[in-house]
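**Q** I have a structure I would like to understand better, so I am pasting it below and will then ask my questions one at a time.
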Amino acid sequence: MNSVINLRALRRGCVLCLGLPPRISSQPARSCSSADRAALPLRRLHPAAQPRGLSSRAGGTMNVFDRNMKKRQKSWASALQDNHKYDYLRDEVGIRVADRVYDISVLYVSVFQEVVERFFLTDISEGLLRQTKPCEMPTHCVLADEEFLPFQENTFDLVVSSLSMHWINDLPGALRQINGVLKPDGVFIGAMVGGETLYELRCSLQLAELEREGGFSPHISPYTAVTDLGNLLSQAGFNMLTVDVDEIQVNYPGMLEVMSDLQGMGESNCAWNRRSLLHRDTMLAAAAIYKEMYGNEDGSVPATFEILYMIGWKPHESQAKPAKRGSATVSFGDLSKINQSVSSAKTDKP
């Protein structure tokens with residue numbers, strides 16, 4: 001939460017940020033006293049009453065993650081005195097999300113007004129919201145569950161999500177809600193952890209458990225594959241989609257430091273089927289396997305984070321639309337003739 005995202009370039013009124021990004025400011029970073037933090041308004045908003053069973057596309061119930069456990073993990077991490085030292089991944093991803101915001105503000109200047117009129121920050125952890133740094137934009141901190149957005153439809157011009165959506169149970173439903181709270185021609189810009197994240201840790205733990213205990217349990221949460229993301233955005237009602245992938249690799253002294261930093265980030269596994277404890281022998285074996293299979297020459301070990309970035313627009317009549325089927329005046333089959341003509345012209349030259 002320590003890098004700077006400058007959203008001053010945005011030119012329309014209402015912005016929503018899901019799952020607290022890095023510090024949002026249009027000025028250089030400065031220290032913030034407890035009095036400053038207390039000055040930010042914190043509101044508890046609740047959506048209309050609805051069943052907690054999460055609806056999947058097939059009409060069944062989808063409940064992979066323990067959201068109460070995730071809330072406790074985030075609150076515990078925010079209470080650490082040195083919690084800022086675990087923000088390096090969130091900061092780096094936040095900077096890359098900010099670059100995409102800048103691209104939007106430059107390419108689609110007509111979408112934005114002169115300044116951001118209202119800025120809403122949401123998170124399930126009150127501790128994280130309390131640590132939000134003040135900025136010159138009118139900012140409202142909202143304690144709310146990202147799975148059930150407590151906002152009216154057609155409210156926001158921009159919705160930003162940075163590293164929070166991978167803990168949502170019903171991702172298709174969450175994307176539909178985001179599309180709903182956006183105004184027509186509004187844009188959603190998000191970043192979430194992808195399916196290849198922490199593959200080194202996952203493989204090491206599985207091999208160690210198989211060796212020492214004769215079987216293995218899931219210790220790394222399931223993540224979304226990049227191949228599914230475009231379909232999910234399209235089914236949620238977004239168009240003019242952009243999806244791309246980044247890999248961020250961080251080096252650590254060993255496997256135990258990887259797990260310690262994940263805990264400090266509030267990113268420990270919260271799947272319902274997680275195994276709460278590992279035997280000491282299994283942990284030591286996993287650390288040895290990790291270093292043997294993936295270790296660097298200097299003795300450190302890498303941890304890979306696959307980050308999926310997405311941009312989607314809510315439909316509006318002013319947006320460019322594909323031409324009607326059959327309206328083309330040139331056939332792709334004619335392209336070969338063009339190439340032959342160009343080759344012939346080059347051959348005929350003296």
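By order in the structure tokens, chains are A, B, ...; within a chain, residues start at 1; ligands start at 1, following the order shown.
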Can you list, as JSON, numbers by chain, every residue of segment 133-349 of chain A that DSSP puts in alpha helix (DSSP H)?

**A** {"A": [171, 172, 173, 174, 175, 176, 177, 178, 179, 180, 181, 199, 200, 201, 202, 203, 204, 205, 206, 207, 208, 209, 210, 211, 212, 213, 226, 227, 228, 229, 230, 231, 232, 233, 234, 235, 255, 256, 257, 258, 259, 260, 261, 262, 263, 264, 265, 280, 281, 282, 283, 284, 285, 286, 287, 288, 289, 290, 291, 292, 293, 294, 335, 336, 337, 338, 339, 340, 341, 342, 343, 344, 345, 346, 347, 348]}

**Q** Please run DSSP on the backbone and report, as a count of residues only, all residues within segment 238-329 of chain A that come out as strand (DSSP E or B).

**A** 28

**Q** Compare A:Phe216, A:Phe332, A:Phe238, A:Trp167 by their minimum atom-to-atom distance to Gly186 of chain A, counting only C-alpha atoms, and give me the closest one.

**A** A:Phe238

**Q** Compare A:Leu128, A:Leu18, A:Met293, A:Ala208 by their minimum atom-to-atom distance to Met192 of chain A, counting only C-alpha atoms, and give me the closest one.

**A**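 Closest to Met192 of chain A of all the choices is A:Leu18.
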
**Q** Using only C-alpha atoms, which residues of segment 274-328 of chain A come within 12 Å of segment 244-252 of chain A, and what is the closest atom pair for each, with the distance in Å to one decimal? Give it as a tab-separated table, sorted by chain and residue number.

**A**
residue	atom	partner	partner_atom	distance
A:Ala287	CA	A:Tyr252	CA	11.8
A:Tyr290	CA	A:Tyr252	CA	11.4
A:Lys291	CA	A:Tyr252	CA	10.5
A:Tyr294	CA	A:Asn251	CA	10.7
A:Gly295	CA	A:Asn251	CA	9.4
A:Asn296	CA	A:Asn251	CA	8.6
A:Glu297	CA	A:Asn251	CA	11.6
A:Asp298	CA	A:Asn251	CA	10.3
A:Gly299	CA	A:Tyr252	CA	9.1
A:Ser300	CA	A:Tyr252	CA	5.5
A:Val301	CA	A:Tyr252	CA	5.3
A:Pro302	CA	A:Asn251	CA	4.3
A:Ala303	CA	A:Val250	CA	5.3
A:Thr304	CA	A:Gln249	CA	4.5
A:Phe305	CA	A:Ile248	CA	5.1
A:Glu306	CA	A:Glu247	CA	4.6
A:Ile307	CA	A:Asp246	CA	5.1
A:Leu308	CA	A:Val245	CA	4.8
A:Tyr309	CA	A:Asp244	CA	5.3
A:Met310	CA	A:Asp244	CA	6.7
A:Ile311	CA	A:Asp244	CA	9.2

**Q** Given only C-alpha atoms as the basis, pick out the residue of A:Leu207, A:Val159, A:Met165, A:Val226 nearest to Ala288 of chain A.

**A**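 Residue with the minimum atom-to-atom distance to Ala288 of chain A: A:Leu207.
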
**Q** Would you kindly return, as a PyMOL selection string, each protein, DNA or RNA residue with an atom no farther than 12 Å from any atom of Met283 of chain A, considering only C-alpha atoms and excluding same-chain residues fewer than 5 positions away?

**A** chain A and resi 201+204-209+211-213+219+254-256+259+277-278+288-290

**Q** Quick one: write out the picked residues with N, CA and C atoms as a compact mmCIF listing (two decimals), in the first residue's frame?

**A**
# COMPACT_ATOMS: atom_id res chain seq x y z
N LEU A 201 6.10 -23.52 -5.10
CA LEU A 201 5.68 -23.89 -3.74
C LEU A 201 4.67 -25.03 -3.79
N SER A 204 6.49 -28.37 -4.65
CA SER A 204 7.37 -28.80 -3.57
C SER A 204 6.57 -29.40 -2.42
N LEU A 205 5.47 -28.76 -2.05
CA LEU A 205 4.64 -29.28 -0.96
C LEU A 205 3.99 -30.61 -1.34
N GLN A 206 3.53 -30.72 -2.57
CA GLN A 206 2.89 -31.97 -3.00
C GLN A 206 3.88 -33.13 -3.01
N LEU A 207 5.08 -32.89 -3.53
CA LEU A 207 6.08 -33.96 -3.58
C LEU A 207 6.51 -34.37 -2.17
N ALA A 208 6.66 -33.39 -1.28
CA ALA A 208 7.07 -33.70 0.09
C ALA A 208 6.00 -34.50 0.82
N GLU A 209 4.75 -34.14 0.64
CA GLU A 209 3.66 -34.87 1.31
C GLU A 209 3.53 -36.29 0.76
N GLU A 211 5.92 -38.07 -0.39
CA GLU A 211 7.06 -38.84 0.11
C GLU A 211 6.91 -39.19 1.58
N ARG A 212 6.49 -38.23 2.40
CA ARG A 212 6.46 -38.42 3.85
C ARG A 212 5.14 -38.96 4.37
N GLU A 213 4.03 -38.67 3.68
CA GLU A 213 2.72 -39.01 4.23
C GLU A 213 1.88 -39.88 3.31
N HIS A 219 -2.60 -26.91 -0.67
CA HIS A 219 -2.09 -25.86 0.20
C HIS A 219 -2.07 -24.49 -0.49
N GLY A 254 14.58 -18.76 1.31
CA GLY A 254 14.13 -20.15 1.32
C GLY A 254 12.62 -20.24 1.29
N MET A 255 12.10 -21.47 1.31
CA MET A 255 10.66 -21.68 1.22
C MET A 255 9.92 -21.11 2.42
N LEU A 256 10.50 -21.23 3.60
CA LEU A 256 9.82 -20.74 4.80
C LEU A 256 9.62 -19.24 4.73
N MET A 259 6.55 -18.49 2.58
CA MET A 259 5.29 -18.69 3.31
C MET A 259 5.07 -17.61 4.36
N LEU A 277 -2.50 -27.56 9.23
CA LEU A 277 -1.16 -27.80 9.76
C LEU A 277 -0.38 -28.76 8.87
N LEU A 278 0.94 -28.56 8.84
CA LEU A 278 1.84 -29.46 8.15
C LEU A 278 2.82 -30.04 9.16
N ALA A 288 13.65 -28.53 1.21
CA ALA A 288 14.79 -29.12 0.52
C ALA A 288 14.48 -29.36 -0.96
N ILE A 289 13.27 -29.85 -1.24
CA ILE A 289 12.85 -30.09 -2.63
C ILE A 289 12.78 -28.78 -3.39
N TYR A 290 12.23 -27.77 -2.75
CA TYR A 290 12.11 -26.44 -3.36
C TYR A 290 13.48 -25.95 -3.81

**Q** From the list A:Phe65, A:Lys74, A:Ala191, A:Gly266, which residue is nearest Asp99 of chain A when using only C-alpha atoms?

**A** A:Ala191

**Q** Return the single residue from A:Asn83, A:Gln131, A:Thr242, A:Thr282 that is closest to Gly214 of chain A, with distances computed using only C-alpha atoms.

**A**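 Of the candidates, the smallest distance to Gly214 of chain A is held by A:Thr282.
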
**Q** Can you measure atom CA of Pro315 of chain A to atom CA of Gly180 of chain A for me? One decimal in Å is fine.

**A**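 Rounded to one decimal, the two atoms are 11.0 Å apart.
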
**Q** Could you produce a table of the residues of segment 170-243 of chain A lying within 6 Å of segment 145-154 of chain A, with the nearest pair of atoms per residue and their separation in Å rounded to one decimal, using only C-alpha atoms, ordered by chain and increasing residue number, as JSON lines?

**A**
{"residue": "A:Ala174", "atom": "CA", "partner": "A:Glu147", "partner_atom": "CA", "distance": 5.8}
{"residue": "A:Gly180", "atom": "CA", "partner": "A:Glu153", "partner_atom": "CA", "distance": 5.2}
{"residue": "A:Val181", "atom": "CA", "partner": "A:Glu153", "partner_atom": "CA", "distance": 4.1}
{"residue": "A:Leu182", "atom": "CA", "partner": "A:Asn154", "partner_atom": "CA", "distance": 4.8}
{"residue": "A:Lys183", "atom": "CA", "partner": "A:Asn154", "partner_atom": "CA", "distance": 4.0}

**Q** For the residues in that selection, give me C-alpha atoms as a PDB file, in the first residue's frame.

**A**
ATOM      1  CA  ALA A 174     -18.889 -10.429  -9.180  1.00  0.00           C
ATOM      2  CA  GLY A 180     -24.035  -3.226 -13.192  1.00  0.00           C
ATOM      3  CA  VAL A 181     -22.566  -0.458 -11.021  1.00  0.00           C
ATOM      4  CA  LEU A 182     -20.698   1.047 -13.985  1.00  0.00           C
ATOM      5  CA  LYS A 183     -22.346   3.777 -16.022  1.00  0.00           C
TER       6      LYS A 183
END

**Q** Write out as an mmCIF file with N, CA, C and O atoms, in the first residue's frame the residues lying within 8 Å of segment 119-127 of chain A, counting only C-alpha atoms and excluding same-chain residues fewer than 2 positions away.

**A**
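Result written to result16.cif:
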data_model
loop_
_atom_site.group_PDB
_atom_site.id
_atom_site.type_symbol
_atom_site.label_atom_id
_atom_site.label_comp_id
_atom_site.auth_asym_id
_atom_site.auth_seq_id
_atom_site.Cartn_x
_atom_site.Cartn_y
_atom_site.Cartn_z
ATOM 1 N N CYS A 14 -17.030 9.606 -10.755
ATOM 2 C CA CYS A 14 -17.133 8.655 -9.661
ATOM 3 C C CYS A 14 -16.299 7.413 -9.939
ATOM 4 O O CYS A 14 -16.472 6.759 -10.959
ATOM 5 N N VAL A 15 -15.393 7.098 -8.992
ATOM 6 C CA VAL A 15 -14.464 5.980 -9.165
ATOM 7 C C VAL A 15 -14.592 5.048 -7.980
ATOM 8 O O VAL A 15 -14.672 5.481 -6.828
ATOM 9 N N LEU A 16 -14.620 3.734 -8.259
ATOM 10 C CA LEU A 16 -14.691 2.716 -7.216
ATOM 11 C C LEU A 16 -13.460 1.834 -7.308
ATOM 12 O O LEU A 16 -13.086 1.380 -8.379
ATOM 13 N N CYS A 17 -12.818 1.607 -6.157
ATOM 14 C CA CYS A 17 -11.670 0.708 -6.106
ATOM 15 C C CYS A 17 -12.007 -0.458 -5.190
ATOM 16 O O CYS A 17 -12.332 -0.266 -4.013
ATOM 17 N N LEU A 18 -11.963 -1.671 -5.743
ATOM 18 C CA LEU A 18 -12.281 -2.884 -4.990
ATOM 19 C C LEU A 18 -11.009 -3.478 -4.420
ATOM 20 O O LEU A 18 -10.051 -3.691 -5.139
ATOM 21 N N GLY A 19 -11.032 -3.777 -3.119
ATOM 22 C CA GLY A 19 -9.898 -4.437 -2.521
ATOM 23 C C GLY A 19 -8.673 -3.578 -2.461
ATOM 24 O O GLY A 19 -7.672 -3.841 -3.107
ATOM 25 N N LEU A 20 -8.746 -2.515 -1.709
ATOM 26 C CA LEU A 20 -7.693 -1.551 -1.431
ATOM 27 C C LEU A 20 -6.417 -1.692 -2.245
ATOM 28 O O LEU A 20 -5.666 -2.636 -2.100
ATOM 29 N N LYS A 71 -11.019 -12.450 5.836
ATOM 30 C CA LYS A 71 -11.132 -11.195 6.574
ATOM 31 C C LYS A 71 -10.214 -11.199 7.796
ATOM 32 O O LYS A 71 -9.522 -10.212 8.081
ATOM 33 N N ARG A 72 -10.174 -12.322 8.527
ATOM 34 C CA ARG A 72 -9.298 -12.416 9.695
ATOM 35 C C ARG A 72 -7.831 -12.366 9.292
ATOM 36 O O ARG A 72 -7.011 -11.737 9.970
ATOM 37 N N LYS A 74 -6.518 -10.840 6.669
ATOM 38 C CA LYS A 74 -6.178 -9.460 6.295
ATOM 39 C C LYS A 74 -6.079 -8.562 7.523
ATOM 40 O O LYS A 74 -5.192 -7.707 7.610
ATOM 41 N N SER A 75 -6.991 -8.747 8.458
ATOM 42 C CA SER A 75 -6.976 -7.920 9.668
ATOM 43 C C SER A 75 -5.722 -8.206 10.489
ATOM 44 O O SER A 75 -5.099 -7.288 11.033
ATOM 45 N N SER A 78 -2.796 -6.528 8.739
ATOM 46 C CA SER A 78 -2.803 -5.062 8.868
ATOM 47 C C SER A 78 -2.369 -4.609 10.248
ATOM 48 O O SER A 78 -1.926 -3.478 10.423
ATOM 49 N N ALA A 79 -2.481 -5.495 11.259
ATOM 50 C CA ALA A 79 -2.113 -5.131 12.627
ATOM 51 C C ALA A 79 -0.619 -5.287 12.889
ATOM 52 O O ALA A 79 -0.135 -4.850 13.942
ATOM 53 N N VAL A 116 -11.700 13.929 -10.644
ATOM 54 C CA VAL A 116 -12.491 12.904 -9.970
ATOM 55 C C VAL A 116 -13.304 13.577 -8.872
ATOM 56 O O VAL A 116 -12.759 14.222 -7.983
ATOM 57 N N GLU A 117 -14.605 13.433 -8.918
ATOM 58 C CA GLU A 117 -15.461 14.071 -7.927
ATOM 59 C C GLU A 117 -15.586 13.237 -6.664
ATOM 60 O O GLU A 117 -15.619 13.779 -5.557
ATOM 61 N N LEU A 129 -8.527 -0.589 5.732
ATOM 62 C CA LEU A 129 -9.145 0.689 5.389
ATOM 63 C C LEU A 129 -8.654 1.802 6.288
ATOM 64 O O LEU A 129 -8.470 2.940 5.847
ATOM 65 N N ARG A 130 -8.418 1.500 7.558
ATOM 66 C CA ARG A 130 -7.939 2.511 8.499
ATOM 67 C C ARG A 130 -6.537 3.002 8.146
ATOM 68 O O ARG A 130 -6.144 4.088 8.540
ATOM 69 N N GLN A 131 -5.797 2.196 7.401
ATOM 70 C CA GLN A 131 -4.433 2.577 7.043
ATOM 71 C C GLN A 131 -4.356 3.344 5.732
ATOM 72 O O GLN A 131 -3.275 3.716 5.291
ATOM 73 N N MET A 137 -8.328 14.026 -3.390
ATOM 74 C CA MET A 137 -9.643 13.694 -3.926
ATOM 75 C C MET A 137 -10.600 13.359 -2.791
ATOM 76 O O MET A 137 -10.180 12.785 -1.779
ATOM 77 N N PRO A 138 -11.865 13.710 -2.919
ATOM 78 C CA PRO A 138 -12.854 13.300 -1.915
ATOM 79 C C PRO A 138 -12.947 11.780 -1.855
ATOM 80 O O PRO A 138 -13.411 11.144 -2.797
ATOM 81 N N THR A 139 -12.460 11.194 -0.760
ATOM 82 C CA THR A 139 -12.342 9.746 -0.651
ATOM 83 C C THR A 139 -13.280 9.207 0.409
ATOM 84 O O THR A 139 -13.373 9.760 1.505
ATOM 85 N N HIS A 140 -13.972 8.124 0.087
ATOM 86 C CA HIS A 140 -14.888 7.469 1.018
ATOM 87 C C HIS A 140 -14.451 6.021 1.184
ATOM 88 O O HIS A 140 -14.388 5.276 0.204
ATOM 89 N N CYS A 141 -14.128 5.640 2.406
ATOM 90 C CA CYS A 141 -13.761 4.252 2.698
ATOM 91 C C CYS A 141 -15.021 3.480 3.081
ATOM 92 O O CYS A 141 -15.748 3.886 3.996
ATOM 93 N N VAL A 142 -15.270 2.391 2.379
ATOM 94 C CA VAL A 142 -16.493 1.625 2.569
ATOM 95 C C VAL A 142 -16.130 0.205 2.998
ATOM 96 O O VAL A 142 -15.444 -0.512 2.263
ATOM 97 N N LEU A 143 -16.554 -0.180 4.185
ATOM 98 C CA LEU A 143 -16.340 -1.535 4.668
ATOM 99 C C LEU A 143 -17.431 -2.417 4.073
ATOM 100 O O LEU A 143 -18.596 -2.339 4.477
ATOM 101 N N ALA A 144 -17.055 -3.228 3.096
ATOM 102 C CA ALA A 144 -18.049 -4.026 2.382
ATOM 103 C C ALA A 144 -17.381 -5.254 1.794
ATOM 104 O O ALA A 144 -16.167 -5.294 1.583
ATOM 105 N N ASP A 145 -18.191 -6.268 1.539
ATOM 106 C CA ASP A 145 -17.722 -7.500 0.926
ATOM 107 C C ASP A 145 -17.755 -7.327 -0.589
ATOM 108 O O ASP A 145 -18.801 -6.993 -1.164
ATOM 109 N N GLU A 146 -16.617 -7.576 -1.251
ATOM 110 C CA GLU A 146 -16.567 -7.405 -2.700
ATOM 111 C C GLU A 146 -17.511 -8.350 -3.429
ATOM 112 O O GLU A 146 -17.835 -8.115 -4.591
#

**Q** What is the atom CA of Gly190 of chain A-atom CA of Gly312 of chain A distance in Å, reported with one decimal?

**A** 8.9 Å

**Q** Just to confirm, what's the straight-line distance from atom CA of Thr227 of chain A to atom CA of Val193 of chain A in Å (one decimal)?

**A**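 Spanning atom CA of Thr227 of chain A to atom CA of Val193 of chain A is a straight-line distance of 13.3 Å.
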
**Q** List the neighbours of Leu175 of chain A out to 7 Å using only C-alpha atoms; skip same-chain residues closer than 3 positions along the sequence, and give me the result as JSON, numbers by chain.

**A** {"A": [171, 172, 178, 179, 233, 236]}
